[in-house]
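> So here's query.csv, just CSV, C-alpha atoms:
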```csv
chain,number,residue,atom,x,y,z
A,301,MET,CA,-57.0,-69.5,-7.5
A,302,SER,CA,-58.8,-70.4,-10.7
A,303,GLN,CA,-62.0,-72.4,-10.6
A,304,GLY,CA,-62.6,-75.7,-12.4
A,305,SER,CA,-60.6,-78.9,-12.5
A,306,ASN,CA,-57.4,-77.2,-11.3
A,307,PHE,CA,-58.4,-77.5,-7.7
A,308,VAL,CA,-57.8,-81.0,-6.4
A,309,ASP,CA,-58.0,-81.7,-2.6
A,310,TYR,CA,-58.1,-85.5,-2.5
A,311,VAL,CA,-55.8,-88.1,-4.1
A,312,LYS,CA,-55.4,-91.8,-3.5
A,313,ILE,CA,-52.0,-93.3,-4.5
A,314,CYS,CA,-50.2,-96.6,-4.2
A,315,CYS,CA,-46.8,-96.1,-2.5
A,316,ARG,CA,-44.1,-98.7,-2.9
A,317,SER,CA,-40.8,-98.2,-1.0
A,318,GLY,CA,-37.6,-99.8,-2.2
A,319,HIS,CA,-36.2,-103.1,-1.1
A,320,GLY,CA,-33.1,-103.1,0.9
A,321,GLY,CA,-29.9,-104.5,-0.7
A,322,ALA,CA,-28.5,-107.8,0.4
A,323,GLY,CA,-25.4,-107.9,2.5
A,324,SER,CA,-22.2,-109.4,1.0
A,325,SER,CA,-20.7,-112.7,2.1
A,326,HIS,CA,-17.3,-112.0,0.5
A,327,LEU,CA,-14.0,-113.3,2.0
A,328,HIS,CA,-11.0,-111.1,1.4
A,329,ARG,CA,-8.4,-112.5,-1.0
A,330,ASP,CA,-5.5,-110.9,-2.9
A,331,LYS,CA,-2.0,-111.8,-4.0
A,332,LEU,CA,-0.6,-111.1,-0.6
A,333,THR,CA,-3.4,-112.5,1.5
A,334,ALA,CA,-4.7,-116.0,1.1
A,335,LYS,CA,-7.2,-116.0,4.0
A,336,GLY,CA,-8.0,-112.4,4.9
A,337,GLY,CA,-11.3,-113.1,6.6
A,338,PRO,CA,-14.8,-111.8,5.9
A,339,ASP,CA,-15.1,-108.3,4.4
A,340,GLY,CA,-18.6,-108.2,3.0
A,341,GLY,CA,-20.3,-104.9,3.2
A,342,ASP,CA,-23.8,-104.0,4.1
A,343,GLY,CA,-26.6,-103.6,1.6
A,344,GLY,CA,-28.0,-100.2,0.9
A,345,ARG,CA,-31.3,-99.0,2.3
A,346,GLY,CA,-34.3,-99.1,0.1
A,347,GLY,CA,-35.7,-95.7,-1.0
A,348,HIS,CA,-38.4,-94.0,1.1
A,349,VAL,CA,-41.6,-92.3,-0.2
A,350,ILE,CA,-41.3,-88.9,1.4
A,351,VAL,CA,-43.8,-86.0,1.7
A,352,VAL,CA,-42.5,-82.4,1.8
A,353,GLY,CA,-44.6,-79.3,2.4
A,354,ASN,CA,-44.4,-76.6,-0.2
A,355,ALA,CA,-45.9,-73.2,0.6
A,356,GLN,CA,-46.1,-72.4,-3.2
A,357,LEU,CA,-48.6,-75.1,-3.9
A,358,TRP,CA,-52.3,-74.8,-3.3
A,359,THR,CA,-53.7,-78.0,-4.9
A,360,LEU,CA,-52.9,-81.7,-5.3
A,361,LEU,CA,-53.5,-81.5,-9.0
A,362,HIS,CA,-49.9,-82.6,-9.8
A,363,LEU,CA,-50.6,-85.9,-8.0
A,364,LYS,CA,-54.1,-86.5,-9.4
A,365,PHE,CA,-52.9,-88.8,-12.2
A,366,ARG,CA,-49.9,-90.3,-10.5
A,367,LYS,CA,-51.5,-93.5,-9.1
A,368,HIS,CA,-48.3,-95.4,-8.4
A,369,VAL,CA,-45.2,-94.0,-6.7
A,370,ILE,CA,-42.3,-96.4,-6.7
A,371,ALA,CA,-39.0,-95.7,-4.9
A,372,GLY,CA,-35.7,-97.3,-5.9
A,373,ASP,CA,-34.2,-100.5,-4.4
A,374,GLY,CA,-31.0,-100.4,-2.4
A,375,GLU,CA,-27.9,-102.0,-4.0
A,376,PRO,CA,-26.1,-105.1,-2.5
A,377,GLY,CA,-23.0,-104.6,-0.3
A,378,GLY,CA,-19.6,-104.9,-1.9
A,379,THR,CA,-16.2,-106.2,-1.0
A,380,THR,CA,-13.8,-104.5,1.4
A,381,LEU,CA,-16.7,-103.4,3.7
A,382,LYS,CA,-18.3,-101.3,1.0
A,383,THR,CA,-21.9,-100.4,1.7
A,384,GLY,CA,-24.3,-100.6,-1.2
A,385,LYS,CA,-25.9,-97.5,-2.6
A,386,THR,CA,-29.1,-96.3,-1.0
A,387,GLY,CA,-32.2,-96.6,-3.1
A,388,ARG,CA,-33.7,-93.5,-4.8
A,389,ASP,CA,-36.2,-91.7,-2.6
A,390,GLU,CA,-39.5,-90.5,-4.1
A,391,ILE,CA,-40.4,-87.1,-2.9
A,392,LEU,CA,-44.0,-85.8,-3.1
A,393,GLU,CA,-44.4,-82.1,-2.7
A,394,VAL,CA,-47.8,-81.1,-1.2
A,395,PRO,CA,-49.5,-77.9,-0.1
A,396,LEU,CA,-49.6,-76.9,3.5
A,397,GLY,CA,-52.6,-78.3,5.3
A,398,THR,CA,-52.2,-81.8,3.7
A,399,ILE,CA,-53.1,-84.8,5.8
A,400,ALA,CA,-51.8,-88.3,5.0
A,401,LYS,CA,-54.0,-91.3,5.8
A,402,ASP,CA,-53.9,-95.0,5.5
A,403,ALA,CA,-56.5,-95.7,2.7
A,404,GLU,CA,-57.7,-99.0,4.2
A,405,THR,CA,-58.1,-98.0,7.9
A,406,GLY,CA,-58.5,-94.3,7.6
A,407,GLU,CA,-55.9,-93.8,10.3
A,408,ILE,CA,-54.3,-90.3,10.1
A,409,LEU,CA,-50.5,-90.8,9.8
A,410,PHE,CA,-49.4,-87.1,9.9
A,411,GLU,CA,-50.2,-83.7,8.6
A,412,ILE,CA,-48.0,-81.1,6.9
A,413,THR,CA,-48.4,-77.6,8.2
A,414,THR,CA,-45.1,-75.8,7.6
A,415,ASP,CA,-43.0,-75.0,4.5
A,416,GLY,CA,-40.2,-77.6,4.1
A,417,GLU,CA,-41.6,-80.0,6.6
A,418,THR,CA,-40.5,-83.5,5.7
A,419,ARG,CA,-42.2,-86.7,6.7
A,420,ILE,CA,-41.7,-90.3,5.6
A,421,LEU,CA,-44.9,-91.8,4.1
A,422,THR,CA,-43.5,-95.3,3.4
A,423,ASP,CA,-40.3,-96.6,4.8
A,424,GLY,CA,-37.7,-98.2,2.6
A,425,GLY,CA,-36.5,-101.7,3.5
A,426,ARG,CA,-33.3,-101.9,5.6
A,427,GLY,CA,-30.2,-103.2,3.9
A,428,GLY,CA,-28.9,-106.6,5.0
A,429,LEU,CA,-25.7,-106.9,7.1
A,430,GLY,CA,-22.5,-108.2,5.5
A,431,ASN,CA,-20.8,-111.3,6.8
A,432,TRP,CA,-18.2,-109.1,8.5
A,433,HIS,CA,-20.8,-108.5,11.3
A,434,PHE,CA,-21.1,-112.2,12.1
A,435,LYS,CA,-17.5,-113.2,12.7
A,436,ASN,CA,-16.5,-114.3,16.2
A,437,ALA,CA,-13.9,-116.3,17.9
A,438,ILE,CA,-15.7,-119.6,17.1
A,439,GLN,CA,-16.9,-118.7,13.6
A,440,GLN,CA,-14.1,-116.7,12.1
A,441,THR,CA,-15.1,-117.0,8.4
A,442,PRO,CA,-18.9,-116.8,8.1
A,443,ARG,CA,-20.0,-117.5,4.6
A,444,PHE,CA,-23.4,-116.0,5.0
A,445,ALA,CA,-25.0,-112.5,5.1
A,446,GLN,CA,-28.4,-111.0,5.7
A,447,PRO,CA,-30.8,-110.5,2.8
A,448,GLY,CA,-32.2,-107.0,2.4
A,449,GLU,CA,-35.6,-106.2,4.0
A,450,ALA,CA,-38.5,-106.0,1.6
A,451,GLY,CA,-40.1,-102.6,0.9
A,452,GLN,CA,-43.7,-101.8,1.7
A,453,GLU,CA,-46.6,-101.4,-0.7
A,454,VAL,CA,-49.6,-99.5,0.7
A,455,TRP,CA,-52.4,-97.4,-0.5
A,456,ASN,CA,-52.4,-93.9,1.0
A,457,VAL,CA,-54.7,-90.9,0.8
A,458,LEU,CA,-53.5,-87.3,0.7
A,459,GLU,CA,-56.3,-84.9,1.7
A,460,LEU,CA,-55.9,-81.1,1.6
A,461,LYS,CA,-57.6,-78.8,4.2
A,462,LEU,CA,-56.9,-75.2,3.3
A,463,LEU,CA,-55.1,-73.1,5.8
A,464,ALA,CA,-56.6,-69.6,6.1
A,465,ASP,CA,-57.2,-67.0,8.7
A,466,VAL,CA,-60.8,-66.3,7.8
A,467,GLY,CA,-63.3,-68.7,6.3
A,468,LEU,CA,-66.5,-67.4,4.7
A,469,VAL,CA,-69.6,-69.4,5.7
A,470,GLY,CA,-73.0,-68.9,4.1
A,471,PHE,CA,-75.7,-70.1,1.8
A,472,PRO,CA,-75.2,-69.9,-2.0
A,473,ASN,CA,-75.5,-66.3,-3.2
A,474,ALA,CA,-74.8,-64.8,0.2
A,475,GLY,CA,-72.2,-62.5,-1.4
A,476,LYS,CA,-69.1,-64.5,-0.3
A,477,SER,CA,-67.3,-64.4,-3.7
A,478,THR,CA,-68.2,-60.8,-4.2
A,479,LEU,CA,-66.6,-59.9,-0.9
A,480,LEU,CA,-63.5,-61.8,-1.7
A,481,SER,CA,-63.1,-60.1,-5.0
A,482,VAL,CA,-63.5,-56.7,-3.4
A,483,VAL,CA,-61.0,-57.1,-0.5
A,484,SER,CA,-58.4,-59.1,-2.4
A,485,ALA,CA,-57.0,-59.7,-5.9
A,486,ALA,CA,-58.8,-63.1,-6.2
A,487,LYS,CA,-61.2,-63.4,-9.2
A,488,PRO,CA,-63.8,-66.0,-8.2
A,489,GLU,CA,-66.8,-66.7,-10.5
A,490,ILE,CA,-69.7,-64.4,-9.6
A,491,ALA,CA,-73.2,-64.9,-11.0
A,492,ASP,CA,-76.9,-64.7,-10.0
A,493,TYR,CA,-77.5,-68.4,-9.6
A,494,ALA,CA,-76.7,-70.9,-6.8
A,495,PHE,CA,-73.4,-72.7,-6.5
A,496,THR,CA,-71.4,-70.5,-8.7
A,497,THR,CA,-68.5,-71.3,-6.4
A,498,LEU,CA,-67.6,-75.0,-6.9
A,499,VAL,CA,-64.1,-75.0,-5.4
A,500,PRO,CA,-62.6,-73.0,-2.5
A,501,ASN,CA,-60.9,-69.8,-3.4
A,502,LEU,CA,-58.2,-68.1,-1.5
A,503,GLY,CA,-57.4,-64.4,-1.4
A,504,ILE,CA,-54.8,-62.3,0.6
A,505,VAL,CA,-56.5,-59.3,2.2
A,506,SER,CA,-54.4,-56.2,2.7
A,507,TYR,CA,-54.7,-54.5,6.1
A,508,ARG,CA,-53.1,-51.5,7.8
A,509,ASP,CA,-49.4,-51.0,8.3
A,510,ASN,CA,-48.5,-53.5,5.5
A,511,LYS,CA,-50.3,-56.3,7.4
A,512,SER,CA,-52.4,-58.9,5.7
A,513,PHE,CA,-54.4,-62.1,6.3
A,514,VAL,CA,-55.7,-64.9,4.2
A,515,MET,CA,-59.4,-65.3,3.4
A,516,ALA,CA,-61.0,-68.5,2.0
A,517,ASP,CA,-64.3,-68.6,0.1
A,518,ILE,CA,-65.9,-72.0,0.8
A,519,PRO,CA,-68.6,-73.3,-1.6
A,520,GLY,CA,-72.1,-72.5,-0.3
A,521,ILE,CA,-73.6,-74.6,2.4
A,522,ILE,CA,-77.3,-75.6,2.4
A,523,GLU,CA,-79.5,-77.1,5.0
A,524,GLY,CA,-78.7,-80.8,5.2
A,525,ALA,CA,-75.1,-80.4,3.8
A,526,SER,CA,-73.7,-82.4,6.7
A,527,LYS,CA,-75.9,-85.3,5.5
A,528,GLY,CA,-74.8,-85.1,1.9
A,529,LYS,CA,-77.2,-82.5,0.3
A,530,GLY,CA,-76.0,-80.0,-2.2
A,531,LEU,CA,-72.2,-80.2,-2.3
A,532,GLY,CA,-72.4,-82.2,0.9
A,533,ILE,CA,-69.4,-82.4,3.3
A,534,ARG,CA,-66.8,-82.3,0.5
A,535,PHE,CA,-65.7,-78.8,1.3
A,536,LEU,CA,-66.8,-78.5,5.0
A,537,ARG,CA,-63.4,-80.0,5.9
A,538,HIS,CA,-61.7,-76.8,4.7
A,539,ILE,CA,-63.5,-74.8,7.4
A,540,GLU,CA,-61.7,-76.9,10.1
A,541,ARG,CA,-58.4,-75.1,9.4
A,542,ASN,CA,-59.7,-71.5,9.5
A,543,SER,CA,-58.9,-69.4,12.5
A,544,VAL,CA,-62.1,-67.3,12.3
A,545,LEU,CA,-65.4,-68.0,10.7
A,546,LEU,CA,-67.2,-65.1,9.0
A,547,PHE,CA,-70.9,-66.0,8.7
A,548,MET,CA,-72.6,-64.1,5.9
A,549,VAL,CA,-76.3,-63.6,5.7
A,550,PRO,CA,-77.9,-61.5,2.9
A,551,ALA,CA,-80.2,-58.7,4.0
A,552,ASP,CA,-82.8,-60.0,1.5
A,553,THR,CA,-83.0,-63.4,3.0
A,554,ALA,CA,-86.5,-65.1,3.1
A,555,ARG,CA,-85.8,-66.2,6.6
A,556,THR,CA,-84.8,-64.1,9.6
A,557,ILE,CA,-81.1,-63.5,10.2
A,558,ALA,CA,-81.2,-65.6,13.4
A,559,GLU,CA,-82.8,-68.5,11.5
A,560,GLU,CA,-80.3,-68.5,8.7
A,561,TYR,CA,-77.4,-68.1,11.1
A,562,SER,CA,-78.8,-71.0,13.3
A,563,ILE,CA,-79.0,-73.3,10.3
A,564,LEU,CA,-75.5,-72.6,9.2
A,565,LEU,CA,-74.1,-73.1,12.7
A,566,ASN,CA,-76.1,-76.4,13.0
A,567,GLU,CA,-74.6,-77.8,9.8
A,568,LEU,CA,-71.1,-77.1,11.1
A,569,GLU,CA,-71.9,-78.7,14.4
A,570,GLU,CA,-73.3,-81.8,12.7
A,571,TYR,CA,-70.1,-82.1,10.7
A,572,ASN,CA,-67.7,-81.4,13.5
A,573,PRO,CA,-68.8,-80.3,17.0
A,574,GLU,CA,-65.4,-78.6,17.5
A,575,LEU,CA,-66.2,-76.0,14.8
A,576,ILE,CA,-68.7,-74.2,17.0
A,577,HIS,CA,-65.8,-73.2,19.4
A,578,LYS,CA,-64.0,-71.2,16.7
A,579,PRO,CA,-64.3,-67.4,16.9
A,580,ARG,CA,-67.2,-66.2,14.8
A,581,VAL,CA,-68.2,-62.9,13.2
A,582,LEU,CA,-71.5,-62.2,11.5
A,583,ALA,CA,-71.8,-60.0,8.4
A,584,VAL,CA,-75.2,-58.9,7.0
A,585,THR,CA,-74.5,-58.5,3.3
A,586,LYS,CA,-76.2,-56.4,0.6
A,587,SER,CA,-77.2,-53.8,3.2
A,588,ASP,CA,-77.0,-50.9,0.7
A,589,MET,CA,-80.6,-51.6,0.0
A,590,LEU,CA,-81.6,-50.9,3.7
A,591,ASP,CA,-82.5,-47.6,5.2
A,592,GLU,CA,-81.7,-46.7,8.8
A,593,GLU,CA,-85.1,-47.7,10.1
A,594,LEU,CA,-85.0,-51.1,8.5
A,595,THR,CA,-81.4,-51.6,9.6
A,596,ASN,CA,-82.4,-50.9,13.2
A,597,GLU,CA,-85.3,-53.4,13.0
A,598,MET,CA,-83.0,-56.1,11.6
A,599,LYS,CA,-80.4,-55.6,14.4
A,600,LYS,CA,-83.1,-56.9,16.8
A,601,GLU,CA,-83.0,-60.2,15.0
A,602,ILE,CA,-79.3,-60.8,15.4
A,603,PRO,CA,-78.3,-63.5,17.9
A,604,ALA,CA,-76.8,-62.3,21.1
A,605,GLY,CA,-73.1,-62.7,21.8
A,606,ILE,CA,-71.7,-62.5,18.3
A,607,PRO,CA,-69.9,-59.5,16.8
A,608,TYR,CA,-71.8,-58.3,13.7
A,609,ILE,CA,-71.6,-55.6,11.0
A,610,PHE,CA,-73.8,-54.6,8.1
A,611,ILE,CA,-71.8,-54.4,4.8
A,612,SER,CA,-72.2,-54.0,1.1
A,613,SER,CA,-69.4,-55.3,-1.1
A,614,VAL,CA,-70.7,-53.5,-4.2
A,615,ALA,CA,-71.1,-50.1,-2.5
A,616,GLN,CA,-67.9,-50.6,-0.4
A,617,LYS,CA,-70.0,-50.0,2.8
A,618,ASN,CA,-68.2,-50.8,6.1
A,619,ILE,CA,-65.5,-52.9,4.3
A,620,VAL,CA,-62.7,-51.3,6.3
A,621,GLU,CA,-64.7,-51.7,9.5
A,622,LEU,CA,-65.2,-55.4,8.7
A,623,LYS,CA,-61.4,-55.8,8.2
A,624,ASP,CA,-60.9,-54.3,11.7
A,625,LEU,CA,-63.4,-56.7,13.2
A,626,LEU,CA,-61.8,-59.7,11.6
A,627,TRP,CA,-58.3,-58.6,12.5
A,628,THR,CA,-59.3,-58.3,16.1
A,629,ALA,CA,-60.9,-61.7,16.1
A,630,ILE,CA,-57.8,-63.3,14.5
A,631,ASN,CA,-55.4,-61.8,17.0
A,632,LYS,CA,-57.6,-62.2,20.1
```
Take the structure in this file and express it as structure tokens.

Amino acid sequence: MSQGSNFVDYVKICCRSGHGGAGSSHLHRDKLTAKGGPDGGDGGRGGHVIVVGNAQLWTLLHLKFRKHVIAGDGEPGGTTLKTGKTGRDEILEVPLGTIAKDAETGEILFEITTDGETRILTDGGRGGLGNWHFKNAIQQTPRFAQPGEAGQEVWNVLELKLLADVGLVGFPNAGKSTLLSVVSAAKPEIADYAFTTLVPNLGIVSYRDNKSFVMADIPGIIEGASKGKGLGIRFLRHIERNSVLLFMVPADTARTIAEEYSILLNELEEYNPELIHKPRVLAVTKSDMLDEELTNEMKKEIPAGIPYIFISSVAQKNIVELKDLLWTAINK
């Protein structure tokens, strides 16, 4: 994933489904038949607006400037019971993890989680019935038919929440991007200032026996992020879809490890209380600057009940052991 404007995780679009075609009120006539009775066909269905999951996509960029999506109208019914042509469906391909919402009410309509999953976002109008449907013993030649049902015009929101096995949680400059660049082929921006990561980055981490898992680098969280500080809650929603959360605290933190971990956990809980029930692993980064005595002292600061490991991405210290720890947590 490249940084910058290529990553789009929120779009608002106006979806208009097609109108249904009108039914025909035709009466059959030919040179051999003077009064053949009703034979008007049904109108065609209006086109749907359809959402399809595509595992090859990772952003909603292709929909960012498409504000209006208009499906085709159904055609009227014909003679000799011919049904009108169905209106053209509009198909929107989206990445896995996309949620569709009603823009006005905020109601979640559905979510796309598998490749090829197909859901109708806006239903097309039904085609009207031809006069053939209305004949009976009393009314043998009905000269009327149903009009087509009108399509719908609604504003919808498509919101992407990244699907990943491991999500990296930490303050800016905790070493998240560096770790991702070391364990995968991802090339996130790395610099010595805060908020170098402005969009989430994904990387595929190789493991033993040709196994692998997906790791997501989420932009740094700061104290008060759940209330809108820093980058706010814009990217916290991506953490909701991660199976395991890897908390990263640098060894040179001005706070204690327990304090920093507690702040991060609190921000997640403020945003969504369910996040604290996800499996968690703690990594103390930049530990190549620690000697054995200092490491032992810092271990006393680590909160009880959470698996932890001291790592250094630059020095490749305990990287393999970290993968083992994460793989165990993912498959627990």
> So what do you get for CA of Glu574 in chain A versus CA of Gly467 in chain A, distance-wise?
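According to the coordinates, CA of Glu574 in chain A and CA of Gly467 in chain A are separated by 15.1 Å.
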> At most 12 Å from (-30.9, -106.7, 9.7), file frame, only C-alpha atoms: which residues, as a CSV table (one decimal) with C-alpha atoms, keeping the file's coordinate frame?

```csv
chain,number,residue,atom,x,y,z
A,320,GLY,CA,-33.1,-103.1,0.9
A,321,GLY,CA,-29.9,-104.5,-0.7
A,322,ALA,CA,-28.5,-107.8,0.4
A,323,GLY,CA,-25.4,-107.9,2.5
A,342,ASP,CA,-23.8,-104.0,4.1
A,343,GLY,CA,-26.6,-103.6,1.6
A,344,GLY,CA,-28.0,-100.2,0.9
A,345,ARG,CA,-31.3,-99.0,2.3
A,425,GLY,CA,-36.5,-101.7,3.5
A,426,ARG,CA,-33.3,-101.9,5.6
A,427,GLY,CA,-30.2,-103.2,3.9
A,428,GLY,CA,-28.9,-106.6,5.0
A,429,LEU,CA,-25.7,-106.9,7.1
A,430,GLY,CA,-22.5,-108.2,5.5
A,431,ASN,CA,-20.8,-111.3,6.8
A,433,HIS,CA,-20.8,-108.5,11.3
A,434,PHE,CA,-21.1,-112.2,12.1
A,445,ALA,CA,-25.0,-112.5,5.1
A,446,GLN,CA,-28.4,-111.0,5.7
A,447,PRO,CA,-30.8,-110.5,2.8
A,448,GLY,CA,-32.2,-107.0,2.4
A,449,GLU,CA,-35.6,-106.2,4.0
A,450,ALA,CA,-38.5,-106.0,1.6
```
> From the options A:Ala371, A:Leu564, A:Leu363, A:Ile313, which residue's atoms come nearest to Val549 in chain A, counting all atoms listed in the file?
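Checking each of A:Ala371, A:Leu564, A:Leu363, A:Ile313 against Val549 in chain A, counting all atoms listed in the file, the winner is A:Leu564.
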> Please provide as a PyMOL selection string all residues within 12 Å of Glu404 in chain A, with the sequence filter that same-chain residues fewer than 6 positions apart are discarded (counting all atoms listed in the file).
chain A and resi 312-314+454-457
> Of the residues A:Asn473, A:Ser317, A:Ser484, A:Thr478, which is the one nearest to Asp423 in chain A, using all atoms listed in the file?
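Smallest distance to Asp423 in chain A is found for A:Ser317.
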> So, counting all atoms listed in the file, which residue among A:Arg555, A:Arg316, A:Lys623, A:Lys599 is closest to Ser587 in chain A?
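Result for the nearest residue to Ser587 in chain A: A:Lys599.
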> Name all residues at most 7 Å from Tyr310 in chain A (count all atoms listed in the file; drop same-chain ones fewer than 4 positions away) and give them as an MDAnalysis selection string.
chainID A and resid 458:460
> Can you tell me which residues surround Leu565 in chain A at a distance of at most 9 Å, considering all atoms listed in the file, apart from same-chain residues fewer than 4 positions away, and format the answer as a VMD selection string?
chain A and resid 547 560 to 561 569 to 570 575 to 576
> Just to be explicit: take each residue in the selection above, keep C-alpha atoms, and write the result as an mmCIF file, in the coordinates of the input.

```cif
data_model
loop_
_atom_site.group_PDB
_atom_site.id
_atom_site.type_symbol
_atom_site.label_atom_id
_atom_site.label_comp_id
_atom_site.auth_asym_id
_atom_site.auth_seq_id
_atom_site.Cartn_x
_atom_site.Cartn_y
_atom_site.Cartn_z
ATOM 1 C CA PHE A 547 -70.900 -66.000 8.700
ATOM 2 C CA GLU A 560 -80.300 -68.500 8.700
ATOM 3 C CA TYR A 561 -77.400 -68.100 11.100
ATOM 4 C CA GLU A 569 -71.900 -78.700 14.400
ATOM 5 C CA GLU A 570 -73.300 -81.800 12.700
ATOM 6 C CA LEU A 575 -66.200 -76.000 14.800
ATOM 7 C CA ILE A 576 -68.700 -74.200 17.000
#
```
> When you count all atoms listed in the file, which of these residues is closest to Lys382 in chain A: A:Arg537, A:His362, A:His368, A:His326?
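Closest to Lys382 in chain A of all the choices is A:His326.
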> Identify, on the basis of all atoms listed in the file, every residue whose closest approach to Thr359 in chain A does not exceed 7 Å; exclude the query and any residue fewer than 6 positions from it along the same chain; express the result as a PyMOL selection string.
chain A and resi 307-309+395
> For CA of Phe444 in chain A and CA of Thr386 in chain A, quote the distance in Å rounded to one decimal.
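So the two atoms, CA of Phe444 in chain A and CA of Thr386 in chain A, lie 21.4 Å apart.
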> Just want the 8 Å neighbourhood of Leu468 in chain A, counted on only C-alpha atoms, with same-chain residues fewer than 6 positions away dropped. Output as a short mmCIF file (atom, residue, chain, number, x, y, z; two decimals) with C-alpha atoms, in the coordinates of the input.

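Output file result_4.cif is given in full below:
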```cif
data_model
loop_
_atom_site.label_atom_id
_atom_site.label_comp_id
_atom_site.auth_asym_id
_atom_site.auth_seq_id
_atom_site.Cartn_x
_atom_site.Cartn_y
_atom_site.Cartn_z
CA LYS A 476 -69.10 -64.50 -0.30
CA MET A 515 -59.40 -65.30 3.40
CA ALA A 516 -61.00 -68.50 2.00
CA ASP A 517 -64.30 -68.60 0.10
CA ILE A 518 -65.90 -72.00 0.80
CA LEU A 545 -65.40 -68.00 10.70
CA LEU A 546 -67.20 -65.10 9.00
CA PHE A 547 -70.90 -66.00 8.70
CA MET A 548 -72.60 -64.10 5.90
#
```
> Select all residues near (-43.3, -92.0, 7.9) (cut-off 10 Å, inclusive, file coordinates), counting only C-alpha atoms, and output them as a VMD selection string.
chain A and resid 348 to 351 400 409 to 410 418 to 424
> Pick from A:Leu479, A:Val466, A:Val584, A:Ile563: nearest to His538 in chain A, with only C-alpha atoms counted?
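When distances to His538 in chain A are compared using only C-alpha atoms, the smallest one comes from A:Val466.
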> Using only C-alpha atoms, find the one residue out of A:Ile504, A:His319, A:Ile412, A:Asp373 that sits nearest to Ser481 in chain A.
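Of A:Ile504, A:His319, A:Ile412, A:Asp373, the one nearest Ser481 in chain A, counting only C-alpha atoms, is A:Ile504.
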> In Å, how far is it from CA of Thr595 in chain A to CA of Ile630 in chain A?
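Value for the CA of Thr595 in chain A-CA of Ile630 in chain A distance: 26.8 Å.
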